[in-house]
Amino acid sequence: KVGVSTIVIDEAHCISFWGADFRPEYGELGKLIDMFPKAKTICLTATADKQTCKDIKTTIGYEKLFRGDLARPEIEYALVCKRYGADAQIKQLLQMLKPYHKKGKPIKTVLIYCGTKDKVKAVHYILAQNDIDSLMYHSESKKHNEVLNEFYTKPCFIVATNAFGMGIDKPDVRAVIHYDVPSSIEMYYQETGRAGRDGKKAQAILFFNKNVPIFGIFFSLNCILLMLSLMFLSIE
């Protein structure tokens with residue numbers, strides 16, 4: 001028999017409030033620790049705050065916790081108010097993408113997150129109608145491996161739901177655009193954190209409707225600035 005000397009838990013923040021619903025099995029990891037009481041436990045996370053670290057310690061314990069820095073000064077955050085009109089938002093998107101492609105061929109990698117798979121299909125179709133190459137990724141798409149292969153090997157535009165998520169790690173993503181507001185500030189932070197991992201300047205752009213609550217709440221501008229105070233934020 002081969003013994004277990006070390007247990008390494010990646011994305012350890014998923015045991016806490018902002019990840020439990022997405023990865024509920026993380027709450028069961030304490031049972032694994034109990035099965036191998038002599039094994040050392042190492043937890044890895046790039047996004048855990050102090051309270052989340054306490055949750056990790058309470059739930060599963062650890063010998064060592066490796067935590068990344070929450071501050072991402074290399075990312076420029078922007079809130080962009082959706083314009084009214086049938087094609088107004090897509091025109092805004094097309095304008096945003098101009099620096100990242102040449103004659104429709106991506107020269108930088110950009111992630112475009114949409115709230116539903118139908119919205120993913122619609123945005124992908126409209127980009128194609130404007131001669132801009134893009135790839136789709138959602139839970140029911142059948143080309144996950146092909147999309148991931150292109151994502152890791154060349155510049156591309158990915159139009160996706162949050163299914164394009166855990167484990168995604170490409171250093172030179174230059175922009176993350178949220179075509180729709182994510183369900184929580186935690187999900188927003190996690191998804192925008194996929195930009196600029198090479199330490200170079202990147203953008204995170206969030207479309208919002210001034211008549212619809214952001215993250216479930218009607219925030220004042222001061223509240224938004226406070227929430228994102230560790231980031232450089234511009235409002236358009």
# chains A, B, ... in the order shown; residues from 1 in each chain; ligands from 1
call {"tool": "residues_around", "arguments": {"residues": "range 22-34 of chain A", "least_positions_apart": "6", "cutoff": "7 Å", "atoms": "only C-alpha atoms", "output": "list in words"}}
result
Cys14, Ile15, Thr59 and Ile60 of chain A
call {"tool": "select_by_dssp", "arguments": {"residues": "range 12-136 of chain A", "states": "strand (DSSP E)", "output": "number ranges by chain"}}
result
A: 40-45, 64-67, 75-81, 101-102, 105-106, 109-113, 135-136
call {"tool": "atom_distance", "arguments": {"atom1": "CA of Tyr125 in chain A", "atom2": "CA of Thr153 in chain A"}}
result
23.1 Å
call {"tool": "select_by_dssp", "arguments": {"residues": "range 158-201 of chain A", "states": "alpha helix (DSSP H)", "output": "ChimeraX atom specification"}}
result
/A:185-192
call {"tool": "residues_around", "arguments": {"residues": "Lys108 in chain A", "least_positions_apart": "5", "cutoff": "7 Å", "atoms": "only C-alpha atoms", "output": "short mmCIF file (atom, residue, chain, number, x, y, z; two decimals) with all heavy atoms, in the first residue's frame"}}
result
data_model
loop_
_atom_site.label_atom_id
_atom_site.label_comp_id
_atom_site.auth_asym_id
_atom_site.auth_seq_id
_atom_site.Cartn_x
_atom_site.Cartn_y
_atom_site.Cartn_z
N TYR A 100 -8.17 45.12 -29.67
CA TYR A 100 -7.76 43.74 -29.42
C TYR A 100 -7.84 42.83 -30.65
O TYR A 100 -7.59 41.64 -30.54
CB TYR A 100 -8.60 43.14 -28.28
CG TYR A 100 -8.49 43.90 -26.99
CD1 TYR A 100 -9.55 44.65 -26.49
CD2 TYR A 100 -7.29 43.89 -26.27
CE1 TYR A 100 -9.44 45.36 -25.31
CE2 TYR A 100 -7.18 44.60 -25.08
CZ TYR A 100 -8.25 45.33 -24.61
OH TYR A 100 -8.13 46.03 -23.43
N HIS A 101 -8.20 43.40 -31.79
CA HIS A 101 -8.22 42.58 -33.01
C HIS A 101 -7.75 43.41 -34.21
O HIS A 101 -7.74 44.64 -34.18
CB HIS A 101 -9.61 41.99 -33.27
CG HIS A 101 -10.63 43.00 -33.74
ND1 HIS A 101 -10.81 43.34 -35.06
CD2 HIS A 101 -11.56 43.73 -33.05
CE1 HIS A 101 -11.78 44.22 -35.18
NE2 HIS A 101 -12.25 44.49 -33.97
N PRO A 155 -4.04 34.00 -29.36
CA PRO A 155 -4.97 35.05 -28.95
C PRO A 155 -6.37 34.73 -29.46
O PRO A 155 -6.54 34.25 -30.59
CB PRO A 155 -4.42 36.30 -29.63
CG PRO A 155 -3.00 35.99 -29.94
CD PRO A 155 -2.96 34.52 -30.22
N CYS A 156 -7.38 34.98 -28.65
CA CYS A 156 -8.75 34.67 -29.06
C CYS A 156 -9.75 35.45 -28.23
O CYS A 156 -9.43 35.95 -27.14
CB CYS A 156 -9.03 33.17 -28.97
SG CYS A 156 -8.79 32.48 -27.32
N ARG A 174 -5.93 39.99 -21.69
CA ARG A 174 -5.79 41.44 -21.61
C ARG A 174 -7.08 42.15 -21.19
O ARG A 174 -7.05 43.31 -20.77
CB ARG A 174 -5.33 42.01 -22.96
CG ARG A 174 -3.92 41.61 -23.35
CD ARG A 174 -2.85 42.51 -22.72
NE ARG A 174 -2.72 42.49 -21.28
CZ ARG A 174 -1.97 41.63 -20.60
NH1 ARG A 174 -1.28 40.70 -21.22
NH2 ARG A 174 -1.91 41.70 -19.27
#
call {"tool": "residues_around", "arguments": {"residues": "His138 in chain A", "least_positions_apart": "2", "cutoff": "8 Å", "atoms": "only C-alpha atoms", "output": "list in words"}}
result
Lys117, Val120, Met136, Glu140, Ser141, Ala160, Thr161, Asn162, Ala163 and Phe164 of chain A
call {"tool": "atom_distance", "arguments": {"atom1": "CA of Leu79 in chain A", "atom2": "CA of Asp131 in chain A"}}
result
26.5 Å
call {"tool": "residues_around", "arguments": {"residues": "Ala39 in chain A", "least_positions_apart": "3", "cutoff": "12 Å", "atoms": "only C-alpha atoms", "output": "VMD selection string"}}
result
chain A and resid 3 to 8 32 to 36 42 61 to 63
call {"tool": "closest_residue", "arguments": {"among": "A:Ala12, A:Ile75, A:Leu206, A:Leu127", "to": "Thr41 in chain A", "atoms": "only C-alpha atoms"}}
result
A:Ala12
call {"tool": "closest_residue", "arguments": {"among": "A:Ile205, A:Val181, A:Cys43, A:Leu94", "to": "Lys57 in chain A", "atoms": "only C-alpha atoms"}}
result
A:Cys43
call {"tool": "residues_around", "arguments": {"residues": "Cys53 in chain A", "least_positions_apart": "2", "cutoff": "9 Å", "atoms": "only C-alpha atoms", "output": "list in words"}}
result
Ala12, His13, Ser16, Ala48, Asp49, Lys50, Gln51, Asp55, Ile56, Lys57, Thr58, Leu65 and Arg67 of chain A
call {"tool": "write_last_selection", "arguments": {"atoms": "C-alpha atoms", "output": "compact mmCIF listing (two decimals), in the first residue's frame"}}
result
# COMPACT_ATOMS: atom_id res chain seq x y z
CA ALA A 12 -9.55 26.36 -0.91
CA HIS A 13 -11.78 29.44 -0.62
CA SER A 16 -16.53 29.45 2.42
CA ALA A 48 -9.40 34.36 0.35
CA ASP A 49 -9.83 37.23 2.78
CA LYS A 50 -9.19 36.91 6.53
CA GLN A 51 -12.69 35.61 7.33
CA ASP A 55 -13.53 29.35 7.62
CA ILE A 56 -10.91 27.15 5.95
CA LYS A 57 -9.14 26.60 9.26
CA THR A 58 -12.40 25.74 11.03
CA LEU A 65 -2.02 28.16 3.79
CA ARG A 67 -2.74 32.93 -0.18
call {"tool": "atom_distance", "arguments": {"atom1": "CA of Lys170 in chain A", "atom2": "CA of Arg197 in chain A"}}
result
7.2 Å
call {"tool": "residues_around", "arguments": {"residues": "His178 in chain A", "least_positions_apart": "6", "cutoff": "12 Å", "atoms": "only C-alpha atoms", "output": "VMD selection string"}}
result
chain A and resid 77 to 82 89 93 96 110 to 116 119 to 120 123 158 to 162 187 to 189 191 to 192 203 to 208
call {"tool": "decode", "arguments": {"residues": "range 27-161 of chain A", "atoms": "C-alpha atoms", "output": "compact mmCIF listing (two decimals), in the first residue's frame"}}
result
# COMPACT_ATOMS: atom_id res chain seq x y z
CA GLY A 27 -17.52 21.19 2.75
CA GLU A 28 -16.93 17.44 2.90
CA LEU A 29 -13.15 17.67 2.72
CA GLY A 30 -12.90 17.47 6.51
CA LYS A 31 -13.84 13.79 6.16
CA LEU A 32 -10.84 13.26 3.88
CA ILE A 33 -8.57 14.88 6.45
CA ASP A 34 -9.97 12.57 9.13
CA MET A 35 -9.24 9.53 6.94
CA PHE A 36 -5.53 10.42 6.82
CA PRO A 37 -4.77 12.04 10.20
CA LYS A 38 -0.99 11.77 9.73
CA ALA A 39 -0.98 13.57 6.37
CA LYS A 40 -0.03 17.24 6.19
CA THR A 41 -2.65 19.54 4.69
CA ILE A 42 -1.71 22.42 2.40
CA CYS A 43 -4.35 24.87 1.17
CA LEU A 44 -3.95 27.10 -1.87
CA THR A 45 -6.08 30.14 -2.67
CA ALA A 46 -5.62 33.38 -4.55
CA THR A 47 -8.76 35.13 -3.34
CA ALA A 48 -9.40 34.36 0.35
CA ASP A 49 -9.83 37.23 2.78
CA LYS A 50 -9.19 36.91 6.53
CA GLN A 51 -12.69 35.61 7.33
CA THR A 52 -12.47 33.01 4.57
CA CYS A 53 -9.11 31.85 5.93
CA LYS A 54 -10.78 31.38 9.31
CA ASP A 55 -13.53 29.35 7.62
CA ILE A 56 -10.91 27.15 5.95
CA LYS A 57 -9.14 26.60 9.26
CA THR A 58 -12.40 25.74 11.03
CA THR A 59 -13.69 23.42 8.32
CA ILE A 60 -10.64 21.47 7.26
CA GLY A 61 -7.62 22.85 9.09
CA TYR A 62 -4.19 23.05 7.48
CA GLU A 63 -0.47 22.84 8.10
CA LYS A 64 0.18 25.68 5.66
CA LEU A 65 -2.02 28.16 3.79
CA PHE A 66 -0.67 29.84 0.67
CA ARG A 67 -2.74 32.93 -0.18
CA GLY A 68 -2.40 35.31 -3.09
CA ASP A 69 -2.80 39.07 -2.79
CA LEU A 70 -6.36 40.37 -3.21
CA ALA A 71 -5.11 43.66 -4.64
CA ARG A 72 -4.77 43.69 -8.44
CA PRO A 73 -3.32 47.10 -9.32
CA GLU A 74 -2.47 45.93 -12.85
CA ILE A 75 -6.20 45.70 -13.68
CA GLU A 76 -8.07 48.84 -14.68
CA TYR A 77 -11.70 48.44 -13.63
CA ALA A 78 -14.47 50.27 -15.47
CA LEU A 79 -18.26 50.44 -15.14
CA VAL A 80 -20.02 51.17 -18.43
CA CYS A 81 -23.69 52.13 -18.51
CA LYS A 82 -25.62 50.26 -21.20
CA ARG A 83 -26.99 52.56 -23.86
CA TYR A 84 -30.62 52.31 -24.86
CA GLY A 85 -31.66 50.82 -28.20
CA ALA A 86 -31.74 47.36 -29.77
CA ASP A 87 -28.14 47.39 -31.02
CA ALA A 88 -26.67 49.98 -28.67
CA GLN A 89 -24.87 47.62 -26.29
CA ILE A 90 -23.40 45.46 -29.02
CA LYS A 91 -22.05 48.65 -30.68
CA GLN A 92 -20.41 49.54 -27.38
CA LEU A 93 -18.87 46.06 -27.24
CA LEU A 94 -17.60 46.29 -30.81
CA GLN A 95 -15.92 49.58 -29.95
CA MET A 96 -14.27 48.07 -26.86
CA LEU A 97 -12.88 45.17 -28.88
CA LYS A 98 -11.21 47.34 -31.54
CA PRO A 99 -7.81 47.52 -29.78
CA TYR A 100 -7.76 43.74 -29.42
CA HIS A 101 -8.22 42.58 -33.01
CA LYS A 102 -6.94 43.34 -36.48
CA LYS A 103 -9.47 43.00 -39.28
CA GLY A 104 -11.52 40.64 -37.15
CA LYS A 105 -8.61 38.43 -36.09
CA PRO A 106 -7.87 38.62 -32.35
CA ILE A 107 -4.38 39.86 -31.48
CA LYS A 108 -5.01 39.75 -27.72
CA THR A 109 -7.09 37.39 -25.59
CA VAL A 110 -10.39 38.74 -24.26
CA LEU A 111 -13.03 36.98 -22.16
CA ILE A 112 -16.64 38.13 -22.62
CA TYR A 113 -18.94 36.80 -19.91
CA CYS A 114 -22.70 36.62 -20.50
CA GLY A 115 -25.44 35.70 -18.05
CA THR A 116 -27.04 32.91 -20.09
CA LYS A 117 -26.10 30.48 -22.84
CA ASP A 118 -28.68 32.13 -25.12
CA LYS A 119 -26.93 35.47 -24.65
CA VAL A 120 -23.59 33.75 -25.39
CA LYS A 121 -24.99 32.43 -28.67
CA ALA A 122 -26.43 35.83 -29.57
CA VAL A 123 -23.20 37.75 -28.90
CA HIS A 124 -21.11 35.15 -30.72
CA TYR A 125 -23.47 35.37 -33.72
CA ILE A 126 -23.38 39.18 -33.83
CA LEU A 127 -19.58 39.21 -33.64
CA ALA A 128 -19.51 36.78 -36.58
CA GLN A 129 -21.92 39.07 -38.48
CA ASN A 130 -19.36 41.83 -37.96
CA ASP A 131 -16.53 39.59 -39.24
CA ILE A 132 -14.95 39.19 -35.81
CA ASP A 133 -13.73 35.72 -34.85
CA SER A 134 -14.83 34.38 -31.48
CA LEU A 135 -15.39 31.09 -29.67
CA MET A 136 -18.36 30.02 -27.53
CA TYR A 137 -18.18 28.22 -24.20
CA HIS A 138 -21.16 27.22 -22.05
CA SER A 139 -22.31 24.13 -20.15
CA GLU A 140 -24.06 22.56 -23.15
CA SER A 141 -21.48 23.32 -25.82
CA LYS A 142 -19.76 20.25 -27.26
CA LYS A 143 -16.40 21.76 -28.18
CA HIS A 144 -14.91 22.45 -24.75
CA ASN A 145 -11.57 20.83 -25.55
CA GLU A 146 -11.23 22.63 -28.88
CA VAL A 147 -12.02 25.98 -27.27
CA LEU A 148 -9.57 25.38 -24.42
CA ASN A 149 -6.84 24.33 -26.86
CA GLU A 150 -7.25 27.54 -28.86
CA PHE A 151 -7.48 29.60 -25.68
CA TYR A 152 -4.13 28.33 -24.45
CA THR A 153 -2.30 28.39 -27.78
CA LYS A 154 -3.28 31.67 -29.47
CA PRO A 155 -4.97 35.05 -28.95
CA CYS A 156 -8.75 34.67 -29.06
CA PHE A 157 -12.08 36.09 -28.00
CA ILE A 158 -14.08 33.75 -25.76
CA VAL A 159 -17.80 34.42 -25.30
CA ALA A 160 -18.86 32.36 -22.29
CA THR A 161 -21.07 31.79 -19.31
